[in-house]
$ cat work-v9.txt   # compact mmCIF, C-alpha atoms
# COMPACT_ATOMS: atom_id res chain seq x y z
CA MET A 1 86.60 123.93 -54.04
CA THR A 2 85.73 123.57 -57.73
CA LEU A 3 82.98 125.32 -59.69
CA SER A 4 80.97 123.19 -62.11
CA ASP A 5 81.63 125.65 -64.98
CA ALA A 6 83.17 129.04 -64.22
CA GLY A 7 82.04 130.38 -67.60
CA SER A 8 78.38 129.36 -67.28
CA ASP A 9 75.46 131.58 -66.23
CA GLN A 10 74.40 128.85 -63.77
CA VAL A 11 77.16 127.49 -61.55
CA THR A 12 77.06 124.82 -58.85
CA PHE A 13 79.67 123.76 -56.32
CA LEU A 14 80.12 121.45 -53.35
CA SER A 15 80.92 123.47 -50.25
CA PRO A 16 83.64 122.41 -47.83
CA GLN A 17 82.42 121.35 -44.38
CA TYR A 18 82.74 123.79 -41.48
CA ASP A 19 82.30 123.29 -37.75
CA GLU A 20 81.23 126.84 -36.88
CA ASP A 21 78.23 128.96 -37.85
CA ASN A 22 80.37 131.76 -39.29
CA ALA A 23 81.64 130.41 -42.62
CA TYR A 24 81.12 132.69 -45.62
CA LEU A 25 82.23 132.11 -49.20
CA GLU A 26 82.68 135.17 -51.41
CA PHE A 27 82.33 134.97 -55.19
CA ARG A 28 83.06 137.67 -57.74
CA LEU A 29 80.91 137.56 -60.86
CA THR A 30 82.15 139.40 -63.94
CA VAL A 31 79.97 139.84 -67.03
CA THR A 32 81.46 140.87 -70.38
CA ASP A 33 79.29 141.90 -73.34
CA ASN A 34 80.08 141.53 -77.06
CA ASP A 35 81.79 144.94 -77.13
CA GLY A 36 84.17 144.03 -74.32
CA PHE A 37 82.50 146.14 -71.64
CA GLN A 38 82.50 144.56 -68.20
CA ASN A 39 80.58 144.81 -64.96
CA ALA A 40 81.16 142.91 -61.74
CA ASP A 41 79.32 142.08 -58.55
CA ILE A 42 80.08 140.24 -55.31
CA LEU A 43 77.98 137.34 -54.00
CA VAL A 44 78.41 136.09 -50.42
CA VAL A 45 77.17 132.61 -49.51
CA HIS A 46 76.64 131.71 -45.84
CA VAL A 47 77.57 128.05 -45.28
CA LEU A 48 75.88 126.31 -42.37
CA PRO A 49 77.73 123.41 -40.72
CA ARG A 50 76.10 119.99 -40.75
CA SER A 51 76.03 120.07 -36.96
CA ILE A 52 73.41 122.86 -37.12
CA GLY A 53 69.91 121.87 -38.13
CA HIS A 54 68.94 118.51 -39.56
CA MET A 55 69.16 117.03 -43.05
CA LEU A 56 65.69 115.52 -43.24
CA THR A 57 66.32 114.01 -46.68
CA ASN A 58 69.13 114.28 -49.21
CA ASP A 59 67.69 117.57 -50.47
CA LEU A 60 65.78 119.14 -47.54
CA TRP A 61 67.31 120.80 -44.47
CA ILE A 62 65.30 122.01 -41.45
CA ARG A 63 66.21 123.81 -38.24
CA ALA A 64 64.55 125.34 -35.16
CA VAL A 65 66.03 127.71 -32.57
CA ILE A 66 64.22 128.21 -29.24
CA HIS A 67 64.60 131.63 -27.61
CA THR A 68 64.72 130.64 -23.94
CA VAL A 69 64.61 132.93 -20.92
CA GLU A 70 67.25 130.86 -19.13
CA LYS A 71 69.92 130.56 -21.80
CA GLY A 72 68.93 132.73 -24.75
CA ALA A 73 68.81 131.16 -28.21
CA VAL A 74 69.43 127.40 -28.24
CA ASP A 75 69.22 124.97 -31.12
CA ALA A 76 66.26 122.62 -30.78
CA VAL A 77 66.71 118.87 -31.15
CA TRP A 78 64.84 117.10 -33.96
CA GLN A 79 62.93 113.91 -33.13
CA LYS A 80 61.50 112.07 -36.11
CA GLY A 81 58.11 110.52 -35.42
CA GLY A 82 57.52 108.56 -38.60
CA GLU A 83 57.35 108.42 -42.38
CA ALA A 84 54.77 107.09 -44.82
CA LYS A 85 53.76 107.08 -48.47
CA THR A 86 50.18 107.48 -49.68
CA SER A 87 48.53 105.34 -52.35
CA ARG A 88 48.92 108.11 -54.94
CA GLY A 89 52.64 108.60 -54.23
CA ASP A 90 52.82 111.47 -51.73
CA THR A 91 55.45 111.14 -49.00
CA VAL A 92 54.94 112.42 -45.46
CA ILE A 93 57.56 112.85 -42.73
CA TRP A 94 56.60 114.11 -39.30
CA GLY A 95 58.11 114.71 -35.89
CA HIS A 96 58.87 117.45 -33.39
CA PHE A 97 61.60 119.71 -32.08
CA TYR A 98 62.34 119.95 -28.37
CA ALA A 99 64.74 121.77 -26.07
CA SER A 100 67.67 119.71 -24.87
CA PRO A 101 67.66 119.01 -21.12
CA ASP A 102 71.30 120.14 -21.21
CA ASP A 103 70.05 123.65 -22.04
CA VAL A 104 66.91 124.11 -19.91
CA SER A 105 65.34 122.28 -16.98
CA TRP A 106 62.05 121.72 -18.84
CA GLY A 107 63.74 120.30 -21.94
CA SER A 108 62.75 116.73 -22.76
CA GLN A 109 62.32 114.48 -25.77
CA ASN A 110 58.75 113.94 -24.58
CA ASN A 111 57.98 117.64 -24.16
CA PRO A 112 57.51 118.87 -27.77
CA ASP A 113 58.06 122.58 -28.39
CA LEU A 114 57.36 122.54 -32.13
CA PHE A 115 55.49 119.95 -34.20
CA ALA A 116 56.49 119.58 -37.86
CA LYS A 117 54.94 117.82 -40.83
CA ILE A 118 56.70 117.68 -44.18
CA TRP A 119 54.69 116.75 -47.25
CA TYR A 120 56.27 115.73 -50.56
CA ASP A 121 53.25 116.06 -52.84
CA ALA A 122 52.97 113.74 -55.84
CA SER A 123 52.79 116.87 -58.02
CA GLY A 124 56.31 117.90 -56.91
CA ARG A 125 55.38 120.55 -54.32
CA ILE A 126 57.10 120.33 -50.92
CA ASP A 127 55.39 121.69 -47.79
CA VAL A 128 57.30 122.27 -44.55
CA SER A 129 54.69 123.04 -41.87
CA TYR A 130 55.59 124.13 -38.33
CA PHE A 131 53.16 124.21 -35.38
CA HIS A 132 54.15 126.22 -32.30
CA VAL A 133 53.48 124.36 -29.03
CA SER A 134 55.64 125.91 -26.30
CA VAL A 135 55.92 129.30 -24.59
CA PRO A 136 59.20 130.75 -25.96
CA ASP A 137 59.42 132.17 -29.48
CA ILE A 138 60.95 129.70 -31.94
CA SER A 139 62.81 130.60 -35.14
CA VAL A 140 62.12 128.06 -37.90
CA TYR A 141 64.15 127.43 -41.04
CA SER A 142 64.13 125.24 -44.13
CA ASP A 143 66.15 124.95 -47.32
CA TYR A 144 65.44 122.89 -50.42
CA LEU A 145 68.94 122.27 -51.74
CA THR A 146 68.03 121.55 -55.36
CA ASP A 147 66.90 125.13 -56.04
CA THR A 148 68.84 128.40 -55.88
CA SER A 149 66.75 130.08 -53.18
CA ASP A 150 68.09 131.28 -49.85
CA VAL A 151 67.32 129.60 -46.53
CA GLN A 152 63.69 130.29 -45.60
CA SER A 153 63.03 131.56 -42.08
CA GLY A 154 60.24 132.70 -39.78
CA ILE A 155 59.36 132.99 -36.09
CA THR A 156 56.55 131.05 -34.45
CA THR A 157 55.10 132.51 -31.25
CA MET A 158 52.18 132.11 -28.86
CA THR A 159 50.26 134.20 -31.41
CA THR A 160 51.78 133.06 -34.71
CA ARG A 161 51.16 129.37 -34.14
CA TYR A 162 51.57 128.18 -37.74
CA ILE A 163 54.20 128.76 -40.43
CA ARG A 164 54.34 126.96 -43.76
CA GLN A 165 57.36 127.18 -46.05
CA TYR A 166 56.80 125.51 -49.40
CA TYR A 167 58.66 124.91 -52.63
CA GLU A 168 56.94 124.59 -56.01
CA ASN A 169 58.09 124.89 -59.64
CA GLY A 170 61.44 126.36 -58.63
CA GLN A 171 59.80 129.08 -56.52
CA VAL A 172 59.71 129.55 -52.74
CA TYR A 173 56.65 130.66 -50.78
CA SER A 174 55.77 131.18 -47.14
CA GLU A 175 52.59 131.73 -45.15
CA GLU A 176 51.81 132.16 -41.48
CA LYS A 177 48.69 132.39 -39.34
CA ASP A 178 47.91 134.16 -36.10
CA GLU A 179 45.70 132.09 -33.79
CA ASP A 180 44.04 132.76 -30.43
CA GLY A 181 43.06 129.15 -29.66
CA ASN A 182 39.31 129.83 -29.77
CA PRO A 183 36.76 128.22 -32.09
CA LEU A 184 34.95 130.48 -34.54
CA ALA A 185 31.95 132.32 -33.10
CA ASP A 186 29.37 130.21 -34.97
CA ASP A 187 31.22 126.92 -34.48
CA MET A 188 28.94 124.39 -32.73
CA PRO A 189 30.05 120.81 -33.47
CA MET A 190 27.47 118.25 -32.36
CA GLY A 191 29.32 114.99 -33.01
CA ASP A 192 29.83 112.13 -30.59
CA PRO A 193 33.30 110.73 -31.27
CA GLN A 194 34.87 107.69 -29.73
CA GLY A 195 36.66 109.00 -26.67
CA TYR A 196 40.24 108.17 -25.73
CA ALA A 197 41.26 108.35 -22.08
CA THR A 198 44.57 110.19 -21.84
CA THR A 199 44.23 109.88 -18.06
CA GLU A 200 41.45 108.47 -15.90
CA GLU A 201 39.84 111.91 -15.79
CA LEU A 202 40.59 113.51 -19.18
CA THR A 203 39.07 112.11 -22.37
CA ILE A 204 39.68 113.50 -25.86
CA GLY A 205 38.24 112.73 -29.29
CA ALA A 206 38.21 113.96 -32.89
CA ILE A 207 36.02 113.61 -35.99
CA ILE A 208 37.46 114.15 -39.49
CA SER A 209 35.08 115.49 -42.16
CA THR A 210 36.23 113.50 -45.20
CA GLU A 211 35.06 113.99 -48.79
CA GLU A 212 35.07 110.25 -49.41
CA LYS A 213 33.05 109.02 -46.45
CA GLY A 214 31.73 112.04 -44.58
CA PRO A 215 32.46 112.34 -40.83
CA VAL A 216 34.70 109.56 -39.49
CA ASP A 217 36.17 108.97 -36.06
CA ALA A 218 39.87 109.81 -35.90
CA VAL A 219 42.22 107.32 -34.25
CA TRP A 220 44.36 108.47 -31.31
CA GLU A 221 48.06 107.58 -31.24
CA GLN A 222 49.89 108.63 -28.09
CA GLY A 223 53.48 109.64 -28.74
CA GLY A 224 54.78 109.97 -25.20
CA GLN A 225 54.49 111.55 -21.77
CA ASP A 226 56.77 113.09 -19.19
CA VAL A 227 56.96 115.08 -15.96
CA THR A 228 59.03 118.27 -15.67
CA GLN A 229 61.37 118.99 -12.79
CA ARG A 230 58.81 121.26 -11.15
CA GLY A 231 55.99 118.72 -11.49
CA ASP A 232 54.12 119.68 -14.68
CA GLN A 233 52.91 116.70 -16.69
CA VAL A 234 52.76 116.51 -20.47
CA ILE A 235 51.08 114.03 -22.81
CA TRP A 236 51.38 114.33 -26.58
CA GLY A 237 50.39 112.46 -29.71
CA HIS A 238 48.25 112.77 -32.83
CA PHE A 239 44.96 111.75 -34.42
CA TYR A 240 44.86 110.16 -37.86
CA ALA A 241 42.27 108.79 -40.27
CA HIS A 242 41.91 105.02 -40.27
CA PRO A 243 43.01 103.41 -43.57
CA SER A 244 39.72 101.50 -43.71
CA ASP A 245 37.91 104.86 -43.99
CA VAL A 246 40.06 106.74 -46.53
CA THR A 247 42.91 105.81 -48.86
CA TRP A 248 45.23 108.44 -47.36
CA GLY A 249 44.60 107.33 -43.77
CA GLN A 250 47.71 106.02 -42.02
CA GLN A 251 49.16 105.95 -38.53
CA ASP A 252 52.20 107.85 -39.83
CA ASN A 253 50.13 110.50 -41.62
CA PRO A 254 49.02 112.79 -38.74
CA ASP A 255 45.89 114.87 -39.28
CA LEU A 256 45.83 116.55 -35.87
CA PHE A 257 48.72 117.07 -33.44
CA VAL A 258 47.84 117.21 -29.73
CA LYS A 259 49.75 118.34 -26.66
CA ILE A 260 48.13 118.20 -23.22
CA TRP A 261 49.72 120.15 -20.39
CA PHE A 262 48.90 119.50 -16.72
CA ASP A 263 50.38 122.59 -15.13
CA VAL A 264 51.75 122.32 -11.60
CA SER A 265 49.35 125.14 -10.65
CA GLY A 266 46.41 122.89 -11.54
CA ARG A 267 45.51 124.29 -14.96
CA ILE A 268 44.96 121.82 -17.80
CA ASP A 269 45.50 122.81 -21.45
CA ALA A 270 44.46 120.50 -24.28
CA ASN A 271 46.05 121.95 -27.44
CA TYR A 272 44.93 120.81 -30.91
CA PHE A 273 46.86 121.65 -34.10
CA HIS A 274 45.20 121.08 -37.48
CA VAL A 275 47.60 119.42 -39.93
CA SER A 276 45.47 117.97 -42.73
CA VAL A 277 43.08 119.36 -45.36
CA PRO A 278 39.60 118.30 -44.11
CA ASP A 279 37.88 120.09 -41.22
CA ILE A 280 38.39 118.26 -37.92
CA GLU A 281 36.10 118.54 -34.89
CA VAL A 282 37.94 118.31 -31.56
CA TYR A 283 36.45 117.35 -28.20
CA SER A 284 37.52 117.02 -24.56
CA ASP A 285 35.85 115.90 -21.35
CA PHE A 286 37.01 116.71 -17.82
CA PRO A 287 36.19 115.22 -15.37
CA ALA A 288 35.37 112.28 -17.62
CA ASP A 289 31.66 111.43 -17.48
CA SER A 290 30.99 110.27 -21.09
CA LEU A 291 29.70 113.75 -22.03
CA PHE A 292 32.16 116.02 -23.83
CA ASP A 293 32.47 119.40 -22.11
CA LYS A 294 34.28 121.36 -24.83
CA ALA A 295 34.33 121.20 -28.61
CA GLY A 296 35.49 123.14 -31.64
CA THR A 297 36.37 122.74 -35.31
CA THR A 298 39.92 123.08 -36.60
CA THR A 299 40.22 124.10 -40.25
CA LEU A 300 42.77 125.40 -42.74
CA GLU A 301 41.77 128.91 -41.60
CA ASN A 302 41.53 128.16 -37.86
CA ARG A 303 44.31 125.66 -37.22
CA TYR A 304 44.71 125.94 -33.45
CA ILE A 305 42.15 125.28 -30.70
CA ARG A 306 42.90 125.19 -26.98
CA HIS A 307 40.63 123.67 -24.34
CA ASN A 308 41.46 125.10 -20.93
CA TYR A 309 40.33 123.74 -17.58
CA ALA A 310 41.14 126.14 -14.74
CA ASN A 311 40.44 126.35 -10.99
CA ILE A 312 42.21 123.05 -10.48
CA MET A 313 45.05 122.39 -8.10
CA ARG A 314 47.42 119.46 -7.97
CA CYS A 315 48.50 117.45 -4.98
CA SER A 316 50.63 114.33 -4.82
CA TRP A 317 51.46 111.41 -2.58
CA THR A 318 54.86 109.83 -2.90
CA CYS A 319 56.51 106.96 -1.15
CA SER A 320 60.16 107.07 -0.22
CA ALA A 321 60.83 103.38 -0.80
CA SER A 322 62.34 102.94 -4.25
CA GLY A 323 60.60 100.54 -6.60
CA GLN A 324 57.12 101.18 -5.16
CA ASP A 325 54.40 103.03 -7.01
CA MET A 326 54.11 106.79 -6.95
CA LEU A 327 50.55 107.97 -7.36
CA SER A 328 49.78 111.28 -9.01
CA TRP A 329 46.48 112.85 -8.10
CA LEU A 330 44.46 115.70 -9.47
CA CYS A 331 42.46 117.80 -7.04
CA GLN A 332 39.57 119.95 -8.12
CA ILE A 333 37.84 122.48 -5.94
CA ILE A 334 34.09 122.33 -6.48
CA LYS A 335 32.11 125.15 -4.96
CA ASN A 336 28.39 125.14 -4.29
CA ASP A 337 26.00 127.05 -2.08
CA ALA A 338 26.56 124.85 0.94
CA LYS A 339 30.27 124.14 1.07
CA THR A 340 33.56 123.84 -0.77
CA GLU A 341 34.66 120.31 -1.50
CA LEU A 342 38.15 119.08 -2.38
CA ILE A 343 37.90 116.09 -4.69
CA CYS A 344 41.03 114.12 -5.61
CA VAL A 345 41.08 111.69 -8.51
CA HIS A 346 43.87 109.36 -9.52
CA LEU A 347 45.55 110.36 -12.79
CA ARG A 348 48.17 107.68 -13.34
CA SER A 349 50.63 105.49 -11.51
CA PHE A 350 54.16 104.65 -12.47
CA ALA A 351 57.20 103.04 -10.89
CA VAL A 352 59.75 105.21 -9.16
CA LYS A 353 63.14 104.68 -10.74
CA LYS A 354 65.92 103.57 -8.44
$ encode --input "work-v9.txt" --output "structure tokens"
Amino acid sequence: MTLSDAGSDQVTFLSPQYDEDNAYLEFRLTVTDNDGFQNADILVVHVLPRSIGHMLTNDLWIRAVIHTVEKGAVDAVWQKGGEAKTSRGDTVIWGHFYASPDDVSWGSQNNPDLFAKIWYDASGRIDVSYFHVSVPDISVYSDYLTDTSDVQSGITTMTTRYIRQYYENGQVYSEEKDEDGNPLADDMPMGDPQGYATTEELTIGAIISTEEKGPVDAVWEQGGQDVTQRGDQVIWGHFYAHPSDVTWGQQDNPDLFVKIWFDVSGRIDANYFHVSVPDIEVYSDFPADSLFDKAGTTTLENRYIRHNYANIMRCSWTCSASGQDMLSWLCQIIKNDAKTELICVHLRSFAVKK
């Protein structure tokens, strides 16, 4: 290993590659003044192997560690969703981290545990924003390699849903927000967005309050869906502003991340995570009847809103013959003065894999 200039007050070097997370390099710095007096100090640098975390670009490294009940701390897997450049020169990269199915039974590429959006602002600022989706605590890290700062770290939880680590003018900053998933007390959105059917019985929508054009309907882009081993269903995706409405609108510039969880117990959670600058009204309708049942406004100060539908139980019909359709049904108990009814509605159908 060679230092760029051992006699300089600012030294750079290219670290050797290591396969384990226990490599430390120790440097001794000695300073001598004009009178010949000396003082020394020791600097220890922790070198992370390339196999840990993900080099998002040539100069930005990110990592997430999920603290699971089953296996303790496990490194999350990065899944890039997309990348885009705005008309003014900003660059956005987005995606999510998930638990590997090799580590936990609920781990899946289509079961996001942590959404991430990275923004390279045209001014030079870099924002690394993490949005907590899952149940376990998740340690999040980032490192901008062109500065001299240490690796930035934080822990997202069911309470601390948002952490932003950002780099600007050679300085490093971090902020986090605690969220309870509820709209503000005086929040009463009255919009009527275009609804998107995530299933036959659950419709969602969003309205972005833009400076350029006022309220505009956000466009829904589904990222994926899956079913866990125990029968929970997950659908995820994002809303974005249409490019015909605003110059910064793009399919690969998410304004609102969404994860919908159909719990095996019957509970439905529609989780909305505010990513962009403008306020965004969020809506959901269950059972779908063209009238939105729940609404709220996500903002820079209230980034997370959860719509919960309880008192629902799930049943299913399956056929044993491979290649036929398996129908998944949602059953809701509706109680009135006269009787209790069990109503089943078809959610989706898909082919059983051989």
$ residues_around --input "work-v9.txt" --residues "Phe239 (chain A)" --least-positions-apart "3" --cutoff "7 Å" --atoms "all atoms listed in the file" --output "NGL selection string"
:A and (218-221 or 254-257)
$ closest_atom_pairs --input "work-v9.txt" --of "region 170-262 of chain A" --to "region 134-143 of chain A" --cutoff "12 Å" --atoms "all atoms listed in the file" --output "Markdown table"
| residue | atom | partner | partner_atom | distance |
| --- | --- | --- | --- | --- |
| A:Gln171 | CA | A:Asp143 | CA | 11.9 |
| A:Val172 | CA | A:Asp143 | CA | 9.6 |
| A:Tyr173 | CA | A:Ser142 | CA | 11.4 |
| A:Ser174 | CA | A:Ser142 | CA | 10.7 |
| A:Glu176 | CA | A:Val140 | CA | 11.7 |
| A:Val234 | CA | A:Ser134 | CA | 11.4 |
| A:Lys259 | CA | A:Ser134 | CA | 9.6 |
| A:Ile260 | CA | A:Ser134 | CA | 11.2 |
| A:Trp261 | CA | A:Ser134 | CA | 10.2 |
$ write_last_selection --input "work-v9.txt" --atoms "C-alpha atoms" --output "PDB file, in the frame of the given file"
ATOM      1  CA  GLN A 171      59.800 129.080 -56.520  1.00  0.00           C
ATOM      2  CA  VAL A 172      59.710 129.550 -52.740  1.00  0.00           C
ATOM      3  CA  TYR A 173      56.650 130.660 -50.780  1.00  0.00           C
ATOM      4  CA  SER A 174      55.770 131.180 -47.140  1.00  0.00           C
ATOM      5  CA  GLU A 176      51.810 132.160 -41.480  1.00  0.00           C
ATOM      6  CA  VAL A 234      52.760 116.510 -20.470  1.00  0.00           C
ATOM      7  CA  LYS A 259      49.750 118.340 -26.660  1.00  0.00           C
ATOM      8  CA  ILE A 260      48.130 118.200 -23.220  1.00  0.00           C
ATOM      9  CA  TRP A 261      49.720 120.150 -20.390  1.00  0.00           C
TER      10      TRP A 261
END
$ residues_near_point --input "work-v9.txt" --point "(33.6, 107.8, -16.0)" --cutoff "10 Å" --atoms "all atoms listed in the file" --output "PyMOL selection string"
chain A and resi 197+200-203+285-291
$ residues_around --input "work-v9.txt" --residues "region 299-304 of chain A" --least-positions-apart "3" --cutoff "6 Å" --atoms "only C-alpha atoms" --output "MDAnalysis selection string"
chainID A and resid 181 272:274 279
$ closest_residue --input "work-v9.txt" --among "A:His96, A:Tyr120, A:Val77, A:Ile207" --to "Gly224 (chain A)" --atoms "only C-alpha atoms"
A:His96
